[in-house]
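A.B. asks: Pasting target-v6.tsv below, which is TSV, C-alpha atoms.
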chain	number	residue	atom	x	y	z
A	123	MET	CA	180.45	-35.53	-93.18
A	124	ARG	CA	179.34	-39.16	-93.65
A	125	PHE	CA	181.60	-40.54	-96.40
A	126	CYS	CA	185.30	-40.51	-97.27
A	127	ASN	CA	185.98	-38.20	-100.22
A	128	GLN	CA	188.97	-40.34	-101.22
A	129	CYS	CA	187.41	-43.84	-101.36
A	130	GLY	CA	183.66	-43.35	-100.77
A	131	HIS	CA	183.41	-45.56	-97.68
A	132	LEU	CA	181.80	-44.49	-94.39
A	133	VAL	CA	183.72	-42.27	-91.98
A	134	GLU	CA	183.60	-42.51	-88.21
A	135	GLN	CA	184.52	-40.00	-85.50
A	136	LEU	CA	187.47	-40.92	-83.30
A	137	ILE	CA	190.63	-39.47	-81.79
A	138	PRO	CA	193.54	-40.65	-83.99
A	139	ALA	CA	196.72	-41.95	-82.35
A	140	GLY	CA	198.93	-39.03	-81.31
A	141	ASP	CA	196.06	-36.58	-81.63
A	142	ASP	CA	193.89	-35.10	-78.90
A	143	ARG	CA	190.61	-34.32	-80.60
A	144	MET	CA	187.85	-36.04	-82.55
A	145	ARG	CA	188.34	-36.29	-86.33
A	146	TYR	CA	186.42	-37.87	-89.15
A	147	VAL	CA	188.42	-40.96	-90.15
A	148	CYS	CA	187.64	-43.35	-93.02
A	149	THR	CA	186.69	-46.85	-91.88
A	150	GLN	CA	188.26	-48.31	-95.03
A	151	CYS	CA	191.35	-46.30	-96.11
A	152	HIS	CA	191.89	-44.59	-92.71
A	153	THR	CA	192.34	-41.15	-94.23
A	154	ILE	CA	191.93	-38.48	-91.53
A	155	HIS	CA	189.65	-35.66	-92.72
A	156	TYR	CA	190.73	-32.55	-90.85
A	157	GLN	CA	188.30	-29.65	-90.68
A	158	ASN	CA	189.72	-26.17	-90.25
A	159	PRO	CA	188.44	-22.60	-89.99
A	160	ARG	CA	187.76	-20.66	-93.16
A	161	MET	CA	188.98	-17.18	-93.93
A	162	ILE	CA	186.82	-14.31	-95.10
A	163	VAL	CA	188.64	-11.38	-96.67
A	164	GLY	CA	187.34	-7.96	-97.55
A	165	CYS	CA	188.06	-4.27	-97.95
A	166	LEU	CA	187.11	-1.10	-96.17
A	167	PRO	CA	187.20	1.18	-99.24
A	168	VAL	CA	187.72	4.82	-98.33
A	169	SER	CA	187.05	7.92	-100.44
A	170	GLY	CA	187.78	11.14	-98.55
A	171	ASP	CA	185.57	11.04	-95.47
A	172	ARG	CA	183.31	8.34	-96.88
A	173	VAL	CA	183.31	4.51	-96.85
A	174	LEU	CA	181.86	2.23	-99.52
A	175	LEU	CA	179.17	-0.21	-98.40
A	176	CYS	CA	177.11	-2.81	-100.29
A	177	ARG	CA	173.50	-3.77	-99.59
A	178	ARG	CA	173.25	-7.54	-99.70
A	179	ALA	CA	171.21	-9.22	-102.45
A	180	ILE	CA	171.77	-12.67	-100.93
A	181	SER	CA	171.11	-14.42	-97.66
A	182	PRO	CA	172.04	-14.34	-94.87
A	183	ARG	CA	171.07	-10.75	-94.02
A	184	HIS	CA	169.48	-9.94	-97.38
A	185	GLY	CA	168.90	-6.19	-97.63
A	186	PHE	CA	171.40	-5.25	-94.92
A	187	TRP	CA	174.59	-3.27	-95.50
A	188	THR	CA	178.06	-4.76	-95.44
A	189	LEU	CA	181.67	-4.22	-96.43
A	190	PRO	CA	182.63	-6.11	-99.60
A	191	ALA	CA	184.03	-9.45	-98.40
A	192	GLY	CA	183.90	-13.16	-99.07
A	193	PHE	CA	185.67	-16.49	-98.70
A	194	LEU	CA	189.37	-16.54	-99.54
A	195	GLU	CA	189.99	-18.82	-102.53
A	196	ASN	CA	192.86	-21.24	-103.05
A	197	GLY	CA	195.74	-19.72	-105.00
A	198	GLU	CA	195.27	-16.10	-103.99
A	199	THR	CA	196.75	-13.84	-101.33
A	200	THR	CA	194.53	-12.29	-98.67
A	201	GLN	CA	194.99	-8.89	-100.33
A	202	GLN	CA	194.11	-10.30	-103.76
A	203	GLY	CA	191.02	-11.96	-102.28
A	204	ALA	CA	189.94	-8.74	-100.56
A	205	GLU	CA	190.34	-6.76	-103.79
A	206	ARG	CA	188.59	-9.46	-105.86
A	207	GLU	CA	185.58	-9.38	-103.54
A	208	THR	CA	185.53	-5.57	-103.75
A	209	TRP	CA	185.37	-5.82	-107.51
A	210	GLU	CA	182.76	-8.61	-107.54
A	211	GLU	CA	180.39	-7.07	-104.99
A	212	ALA	CA	180.92	-3.34	-105.56
A	213	HIS	CA	182.50	-3.10	-109.02
A	214	ALA	CA	185.10	-0.91	-107.36
A	215	LYS	CA	188.86	-0.72	-107.77
A	216	VAL	CA	191.04	0.10	-104.78
A	217	ALA	CA	194.69	1.04	-104.21
A	218	ASN	CA	197.08	1.08	-101.24
A	219	SER	CA	195.36	-1.86	-99.52
A	220	THR	CA	196.83	-2.43	-96.09
A	221	LEU	CA	195.86	-4.98	-93.45
A	222	TYR	CA	193.62	-3.29	-90.89
A	223	ARG	CA	191.53	-5.73	-88.85
A	224	VAL	CA	191.56	-9.44	-88.05
A	225	PHE	CA	188.47	-10.82	-86.33
A	226	ASP	CA	188.42	-14.25	-84.71
A	227	LEU	CA	184.97	-15.83	-84.78
A	228	PRO	CA	185.67	-19.22	-83.19
A	229	HIS	CA	181.97	-19.95	-82.57
A	230	ILE	CA	181.46	-20.21	-86.33
A	231	ASP	CA	184.98	-21.32	-87.32
A	232	GLN	CA	185.74	-18.17	-89.30
A	233	ILE	CA	188.58	-15.66	-89.40
A	234	TYR	CA	187.88	-12.27	-91.00
A	235	MET	CA	190.61	-10.08	-92.47
A	236	PHE	CA	189.74	-6.55	-93.57
A	237	TYR	CA	192.09	-4.43	-95.66
A	238	ARG	CA	191.81	-0.65	-95.47
A	239	ALA	CA	192.08	0.74	-99.01
A	240	ASP	CA	191.65	3.85	-101.11
A	241	LEU	CA	188.75	3.78	-103.56
A	242	VAL	CA	190.09	4.58	-107.04
A	243	GLY	CA	187.93	7.20	-108.70
A	244	GLU	CA	184.21	7.34	-108.04
A	245	SER	CA	183.30	4.35	-110.17
A	246	TYR	CA	181.30	1.66	-108.38
A	247	GLY	CA	178.02	-0.19	-108.57
A	248	PRO	CA	176.24	-3.37	-107.53
A	249	GLY	CA	177.63	-6.76	-108.50
A	250	THR	CA	175.31	-9.78	-108.66
A	251	GLU	CA	175.40	-10.23	-104.86
A	252	SER	CA	174.53	-6.59	-104.09
A	253	LEU	CA	171.30	-4.58	-104.38
A	254	GLU	CA	173.07	-1.22	-104.25
A	255	VAL	CA	176.47	0.24	-103.43
A	256	GLU	CA	176.94	3.62	-101.78
A	257	LEU	CA	179.51	5.87	-100.14
A	258	PHE	CA	178.61	6.91	-96.57
A	259	ARG	CA	179.95	9.57	-94.22
A	260	GLU	CA	180.18	8.52	-90.59
A	261	GLU	CA	176.96	10.32	-89.67
A	262	ASP	CA	175.09	8.63	-92.52
A	263	ILE	CA	176.19	5.01	-91.90
A	264	PRO	CA	173.04	2.87	-91.49
A	265	TRP	CA	174.26	1.56	-88.11
A	266	GLN	CA	171.00	-0.27	-87.37
A	267	GLU	CA	170.98	-1.93	-90.79
A	268	LEU	CA	174.47	-3.42	-90.91
A	269	ALA	CA	174.65	-7.08	-91.84
A	270	PHE	CA	177.18	-8.43	-89.35
A	271	PRO	CA	178.80	-7.46	-86.04
A	272	VAL	CA	182.28	-7.49	-87.64
A	273	VAL	CA	181.13	-4.79	-90.08
A	274	PHE	CA	179.73	-2.67	-87.26
A	275	GLU	CA	182.91	-3.03	-85.23
A	276	ALA	CA	185.33	-2.42	-88.13
A	277	LEU	CA	183.46	0.75	-89.13
A	278	ARG	CA	183.24	2.01	-85.54
A	279	GLU	CA	186.98	1.50	-85.07
A	280	PHE	CA	187.79	3.04	-88.45
A	281	PHE	CA	185.98	6.30	-87.75
A	282	ASP	CA	187.56	6.44	-84.27
A	283	ASP	CA	191.00	5.87	-85.78
A	284	ARG	CA	190.31	8.45	-88.45
A	285	ARG	CA	189.97	11.13	-85.78
A	286	SER	CA	193.46	10.32	-84.45
A	287	GLY	CA	194.98	9.62	-87.87
A	288	ASN	CA	196.49	6.43	-86.44
A	289	TYR	CA	195.29	3.06	-87.76
A	290	PRO	CA	196.78	0.21	-85.70
A	291	VAL	CA	196.26	-3.34	-86.95
A	292	ARG	CA	194.01	-5.14	-84.47
A	293	ALA	CA	193.41	-8.86	-84.04
A	294	SER	CA	190.75	-10.06	-81.64
A	295	GLY	CA	187.28	-11.47	-81.39
A	296	LEU	CA	184.26	-9.22	-81.12
A	297	PRO	CA	184.14	-7.19	-77.90
A	298	ASP	CA	182.19	-8.98	-75.17
A	299	ASN	CA	179.58	-6.25	-75.14
A	300	TRP	CA	179.07	-5.83	-78.88
A	301	ASN	CA	175.42	-6.81	-78.78
A	302	ASN	CA	174.66	-4.07	-76.26
A	303	TRP	CA	175.37	-1.53	-78.97
A	304	LEU	CA	172.88	-3.03	-81.38
A	305	ARG	CA	169.81	-3.53	-79.29
A	306	PRO	CA	167.16	-3.28	-82.04
A	307	ALA	CA	169.01	-5.55	-84.45
A	308	GLU	CA	170.47	-7.84	-81.81
A	309	GLN	CA	168.33	-10.88	-82.37
A	310	ALA	CA	168.62	-10.77	-86.14
A	311	LEU	CA	172.40	-10.48	-85.92
A	312	THR	CA	172.62	-13.31	-83.46
A	313	ASP	CA	170.46	-15.48	-85.71
A	314	ALA	CA	172.58	-14.78	-88.77
A	315	ASP	CA	175.99	-15.00	-87.22
B	72	MET	CA	188.67	-35.59	-104.02
B	73	ARG	CA	186.72	-38.33	-105.79
B	74	PHE	CA	183.56	-38.87	-103.71
B	75	CYS	CA	180.90	-36.71	-102.08
B	76	ASN	CA	181.34	-36.70	-98.30
B	77	GLN	CA	177.59	-36.15	-97.87
B	78	CYS	CA	176.14	-38.98	-99.98
B	79	GLY	CA	179.13	-41.07	-101.11
B	80	HIS	CA	178.52	-40.71	-104.87
B	81	LEU	CA	181.16	-39.58	-107.38
B	82	VAL	CA	182.02	-35.91	-107.70
B	83	GLU	CA	182.88	-34.13	-110.93
B	84	GLN	CA	184.69	-30.86	-111.60
B	85	LEU	CA	182.63	-28.09	-113.12
B	86	ILE	CA	181.91	-24.37	-112.82
B	87	PRO	CA	178.61	-24.05	-110.93
B	88	ALA	CA	175.97	-21.59	-112.15
B	89	GLY	CA	176.81	-18.09	-110.92
B	90	ASP	CA	180.37	-19.08	-110.08
B	91	ASP	CA	183.52	-18.45	-112.07
B	92	ARG	CA	185.85	-21.29	-111.09
B	93	MET	CA	186.00	-25.06	-111.09
B	94	ARG	CA	184.56	-26.82	-108.03
B	95	TYR	CA	184.02	-30.41	-107.03
B	96	VAL	CA	180.26	-31.02	-107.34
B	97	CYS	CA	178.39	-34.22	-106.45
B	98	THR	CA	176.86	-35.99	-109.45
B	99	GLN	CA	174.00	-37.25	-107.25
B	100	CYS	CA	173.09	-34.69	-104.56
B	101	HIS	CA	174.77	-31.71	-106.30
B	102	THR	CA	176.52	-30.50	-103.14
B	103	ILE	CA	179.33	-28.08	-104.05
B	104	HIS	CA	182.53	-28.94	-102.17
B	105	TYR	CA	184.47	-25.71	-101.78
B	106	GLN	CA	188.16	-25.93	-101.00
B	107	ASN	CA	189.76	-23.03	-99.16
B	108	PRO	CA	193.20	-22.08	-97.82
B	109	ARG	CA	194.23	-23.28	-94.40
B	110	MET	CA	195.66	-21.16	-91.64
B	111	ILE	CA	198.84	-21.91	-89.74
B	112	VAL	CA	199.27	-20.04	-86.47
B	113	GLY	CA	202.33	-19.79	-84.28
B	114	CYS	CA	204.35	-17.72	-81.84
B	115	LEU	CA	207.66	-15.92	-81.88
B	116	PRO	CA	208.42	-16.38	-78.16
B	117	VAL	CA	210.89	-13.78	-76.85
B	118	SER	CA	212.98	-13.88	-73.67
B	119	GLY	CA	215.23	-10.83	-73.33
B	120	ASP	CA	217.41	-10.82	-76.45
B	121	ARG	CA	216.65	-14.44	-77.29
B	122	VAL	CA	213.97	-16.25	-79.32
B	123	LEU	CA	212.65	-19.77	-78.71
B	124	LEU	CA	213.02	-22.26	-81.57
B	125	CYS	CA	212.09	-25.94	-81.91
B	126	ARG	CA	214.00	-28.57	-83.87
B	127	ARG	CA	211.47	-30.61	-85.83
B	128	ALA	CA	210.98	-34.29	-84.98
B	129	ILE	CA	208.56	-34.74	-87.89
B	130	SER	CA	208.58	-34.35	-91.64
B	131	PRO	CA	208.70	-32.20	-93.62
B	132	ARG	CA	212.08	-30.70	-92.67
B	133	HIS	CA	212.87	-33.20	-89.91
B	134	GLY	CA	215.86	-31.94	-87.88
B	135	PHE	CA	215.51	-28.30	-88.99
B	136	TRP	CA	214.65	-25.42	-86.66
B	137	THR	CA	211.30	-23.66	-86.64
B	138	LEU	CA	209.04	-21.38	-84.65
B	139	PRO	CA	206.27	-23.28	-82.83
B	140	ALA	CA	203.29	-23.26	-85.20
B	141	GLY	CA	200.60	-25.49	-86.63
B	142	PHE	CA	197.17	-25.65	-88.23
B	143	LEU	CA	194.46	-23.52	-86.66
B	144	GLU	CA	191.70	-25.75	-85.27
B	145	ASN	CA	187.96	-25.17	-85.39
B	146	GLY	CA	186.62	-23.45	-82.29
B	147	GLU	CA	189.74	-21.50	-81.33
B	148	THR	CA	190.99	-17.97	-81.94
B	149	THR	CA	194.22	-17.41	-83.84
B	150	GLN	CA	195.90	-16.32	-80.61
B	151	GLN	CA	194.65	-19.41	-78.76
B	152	GLY	CA	195.91	-21.60	-81.60
B	153	ALA	CA	199.32	-19.92	-81.59
B	154	GLU	CA	199.64	-20.37	-77.83
B	155	ARG	CA	198.40	-23.98	-77.99
B	156	GLU	CA	201.03	-24.84	-80.59
B	157	THR	CA	203.69	-23.16	-78.44
B	158	TRP	CA	202.68	-25.36	-75.54
B	159	GLU	CA	202.44	-28.55	-77.63
B	160	GLU	CA	205.74	-28.15	-79.49
B	161	ALA	CA	207.86	-26.28	-76.96
B	162	HIS	CA	206.10	-26.87	-73.59
B	163	ALA	CA	206.34	-23.12	-73.17
B	164	LYS	CA	203.86	-20.60	-71.78
B	165	VAL	CA	203.74	-17.11	-73.25
B	166	ALA	CA	202.12	-13.80	-72.32
B	167	ASN	CA	201.29	-10.54	-74.10
B	168	SER	CA	200.80	-12.24	-77.48
B	169	THR	CA	200.28	-9.69	-80.21
B	170	LEU	CA	199.79	-10.19	-83.93
B	171	TYR	CA	203.10	-9.61	-85.68
B	172	ARG	CA	203.29	-11.18	-89.15
B	173	VAL	CA	200.85	-12.54	-91.73
B	174	PHE	CA	202.37	-14.47	-94.64
B	175	ASP	CA	200.41	-15.31	-97.77
B	176	LEU	CA	201.58	-18.54	-99.39
B	177	PRO	CA	199.12	-18.84	-102.28
B	178	HIS	CA	201.24	-21.47	-104.08
B	179	ILE	CA	200.44	-23.93	-101.28
B	180	ASP	CA	197.06	-22.50	-100.20
B	181	GLN	CA	198.28	-21.50	-96.75
B	182	ILE	CA	198.13	-18.34	-94.64
B	183	TYR	CA	200.58	-18.04	-91.74
B	184	MET	CA	199.94	-15.84	-88.72
B	185	PHE	CA	202.73	-15.33	-86.18
B	186	TYR	CA	202.12	-13.75	-82.78
B	187	ARG	CA	205.01	-12.03	-81.02
B	188	ALA	CA	204.93	-13.04	-77.35
B	189	ASP	CA	206.88	-12.95	-74.10
B	190	LEU	CA	208.15	-16.29	-72.87
B	191	VAL	CA	206.96	-16.80	-69.29
B	192	GLY	CA	209.83	-17.97	-67.09
B	193	GLU	CA	212.56	-20.14	-68.51
B	194	SER	CA	210.53	-23.33	-68.56
B	195	TYR	CA	210.43	-25.09	-71.94
B	196	GLY	CA	211.26	-28.41	-73.55
B	197	PRO	CA	210.48	-30.61	-76.53
B	198	GLY	CA	206.92	-31.77	-77.16
B	199	THR	CA	206.30	-34.91	-79.19
B	200	GLU	CA	206.87	-33.10	-82.50
B	201	SER	CA	210.20	-31.54	-81.44
B	202	LEU	CA	213.68	-33.00	-80.95
B	203	GLU	CA	214.90	-30.09	-78.86
B	204	VAL	CA	213.88	-26.58	-77.91
B	205	GLU	CA	216.36	-23.76	-77.35
B	206	LEU	CA	216.65	-20.01	-76.88
B	207	PHE	CA	218.86	-18.27	-79.47
B	208	ARG	CA	220.42	-14.82	-79.62
B	209	GLU	CA	220.44	-13.24	-83.09
B	210	GLU	CA	224.08	-14.17	-83.70
B	211	ASP	CA	223.42	-17.78	-82.73
B	212	ILE	CA	220.31	-18.41	-84.87
B	213	PRO	CA	220.97	-21.43	-87.11
B	214	TRP	CA	220.08	-19.45	-90.24
B	215	GLN	CA	221.14	-22.23	-92.61
B	216	GLU	CA	219.16	-24.85	-90.71
B	217	LEU	CA	215.77	-23.16	-90.52
B	218	ALA	CA	212.84	-25.28	-91.63
B	219	PHE	CA	210.81	-22.84	-93.72
B	220	PRO	CA	211.25	-19.50	-95.51
B	221	VAL	CA	208.52	-17.91	-93.36
B	222	VAL	CA	210.56	-18.71	-90.25
B	223	PHE	CA	213.70	-17.18	-91.79
B	224	GLU	CA	211.82	-14.06	-92.81
B	225	ALA	CA	209.92	-13.59	-89.53
B	226	LEU	CA	213.15	-13.91	-87.53
B	227	ARG	CA	215.07	-11.57	-89.85
B	228	GLU	CA	212.33	-8.94	-89.56
B	229	PHE	CA	212.03	-9.41	-85.80
B	230	PHE	CA	215.72	-8.73	-85.11
B	231	ASP	CA	215.61	-5.75	-87.48
B	232	ASP	CA	212.54	-4.37	-85.70
B	233	ARG	CA	214.15	-5.02	-82.32
B	234	ARG	CA	216.92	-2.56	-83.19
B	235	SER	CA	214.35	0.18	-83.84
B	236	GLY	CA	212.00	-0.88	-81.03
B	237	ASN	CA	209.10	-0.61	-83.48
B	238	TYR	CA	207.22	-3.76	-84.49
B	239	PRO	CA	204.74	-3.00	-87.28
B	240	VAL	CA	202.28	-5.73	-88.26
B	241	ARG	CA	203.13	-6.88	-91.77
B	242	ALA	CA	201.03	-8.86	-94.22
B	243	SER	CA	202.55	-10.05	-97.49
B	244	GLY	CA	203.93	-13.02	-99.30
B	245	LEU	CA	207.59	-13.94	-99.09
B	246	PRO	CA	209.92	-11.36	-100.67
B	247	ASP	CA	210.60	-12.15	-104.32
B	248	ASN	CA	214.27	-12.70	-103.56
B	249	TRP	CA	213.95	-14.80	-100.42
B	250	ASN	CA	215.73	-17.77	-101.91
B	251	ASN	CA	218.81	-15.67	-102.73
B	252	TRP	CA	219.44	-15.35	-99.02
B	253	LEU	CA	219.51	-19.07	-98.45
B	254	ARG	CA	221.74	-20.38	-101.18
B	255	PRO	CA	222.97	-23.56	-99.47
B	256	ALA	CA	219.57	-24.59	-98.22
B	257	GLU	CA	217.64	-23.31	-101.19
B	258	GLN	CA	216.80	-26.58	-102.86
B	259	ALA	CA	215.73	-28.28	-99.66
B	260	LEU	CA	213.48	-25.37	-98.79
B	261	THR	CA	211.96	-25.32	-102.25
B	262	ASP	CA	211.30	-29.03	-102.05
B	263	ALA	CA	209.58	-28.78	-98.69
B	264	ASP	CA	207.58	-25.67	-99.20
Transcribe the structure of this file into structure tokens.
C.D. replies:
Amino acid sequence: MRFCNQCGHLVEQLIPAGDDRMRYVCTQCHTIHYQNPRMIVGCLPVSGDRVLLCRRAISPRHGFWTLPAGFLENGETTQQGAERETWEEAHAKVANSTLYRVFDLPHIDQIYMFYRADLVGESYGPGTESLEVELFREEDIPWQELAFPVVFEALREFFDDRRSGNYPVRASGLPDNWNNWLRPAEQALTDAD
Amino acid sequence: MRFCNQCGHLVEQLIPAGDDRMRYVCTQCHTIHYQNPRMIVGCLPVSGDRVLLCRRAISPRHGFWTLPAGFLENGETTQQGAERETWEEAHAKVANSTLYRVFDLPHIDQIYMFYRADLVGESYGPGTESLEVELFREEDIPWQELAFPVVFEALREFFDDRRSGNYPVRASGLPDNWNNWLRPAEQALTDAD
């Protein structure tokens, strides 16, 4: 950020009175421009023993598999955003969406929220941001070709939970050792995320 | 928003190619300025059968009681943000924080996340944004003097859950009828929120 979006004058970085961290502040109108984390919302669409994944047609991680997810928009709920992204990326409708996983990614100023949901029917297909969309059983998940660590972790937890039939809502960062599980893809994932 | 924060030229509102909603776009450098919901994180600090509330020293809702909460900052996890706000507003330390309640407030582009937590010791007091800080039993909660509907609802649910000993994580908007419960304070709450 170099300019004030209110008056167009230069901004500077300083700690405002009563605050304790650096902010962009306009040199002319003194507006403080706070910067806050962004939320990414998505679904884990389930059909029987299978989960719906999308192969990305966009960067980062073009060609890798992901859960349908994207930035939460103003004016929508997290559930609405998760279902909208599922429609846009996988042309899939879901029902019974329930909050399942919150991931904190403070190193990139993002919070992920995944809803677990039932795929409605067997109708799905690639939206403009996907190359293909497919249902996968646990043993068929392309674990080495997943786009992001949060997708790997959410899927791993889901199939574990499925064995117990108990799906607790979890909120945390990635496990400290997540990159040990992904040795071949480690560098690519680190680069992208 | 009137000016591009990258180059200082005027922005205009238009639907970018491949998008489906209006965005602010720079007329000169064509940067798209996305606007996304902000997250507010806080704690519901518990000590035995009592909950810690802060009386607000700032607007909106100056003088009304609230749970310690504030905007999530870049570079922190939601739990860290919730605990930081609890320290800043109530000078209280908590332990065993666990995600308890997510509120969608799409009409004001906010997502709230409350962590349920154990108050450590009996040490607390007003930070600069609080007039006073106090522990309340359920029967002593100032229900008609709560600052925001999300605080009312989180406290109501918490004391209900406490009777069953089961604290499910909930994610939703406010109940459709929330303002029926708050007749005397309804207008003030609507104005503020």
A.B. asks: Distance limit 9 Å, atoms considered: all atoms listed in the file. Which chain B residues sit that close to chain A? Return them as a PyMOL selection string.
C.D. replies: chain B and resi 72-82+89+105-110+142-150+169-170+174-182+199+239-244
A.B. asks: Can you measure CA of Arg177 (chain A) to CA of Met93 (chain B) for me? One decimal in Å is fine.
C.D. replies: 27.2 Å
A.B. asks: Between CA of Glu211 (chain A) and CA of Pro248 (chain A), what is the distance, to one decimal in Å?
C.D. replies: 6.1 Å
A.B. asks: For Ala128 (chain B), which residue out of B:Thr98, B:Asn167, B:Ser201, B:Ser235 is the nearest one, using only C-alpha atoms?
C.D. replies: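 Closest to Ala128 (chain B), using only C-alpha atoms: B:Ser201.
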A.B. asks: Which neighbours of Arg206 (chain A) fall inside 10 Å, counting all atoms listed in the file, when residues of the same chain fewer than 2 positions from it are skipped, and could you give them as a PyMOL selection string?
C.D. replies: chain A and resi 163-165+190-192+194+198+200-204+208-216
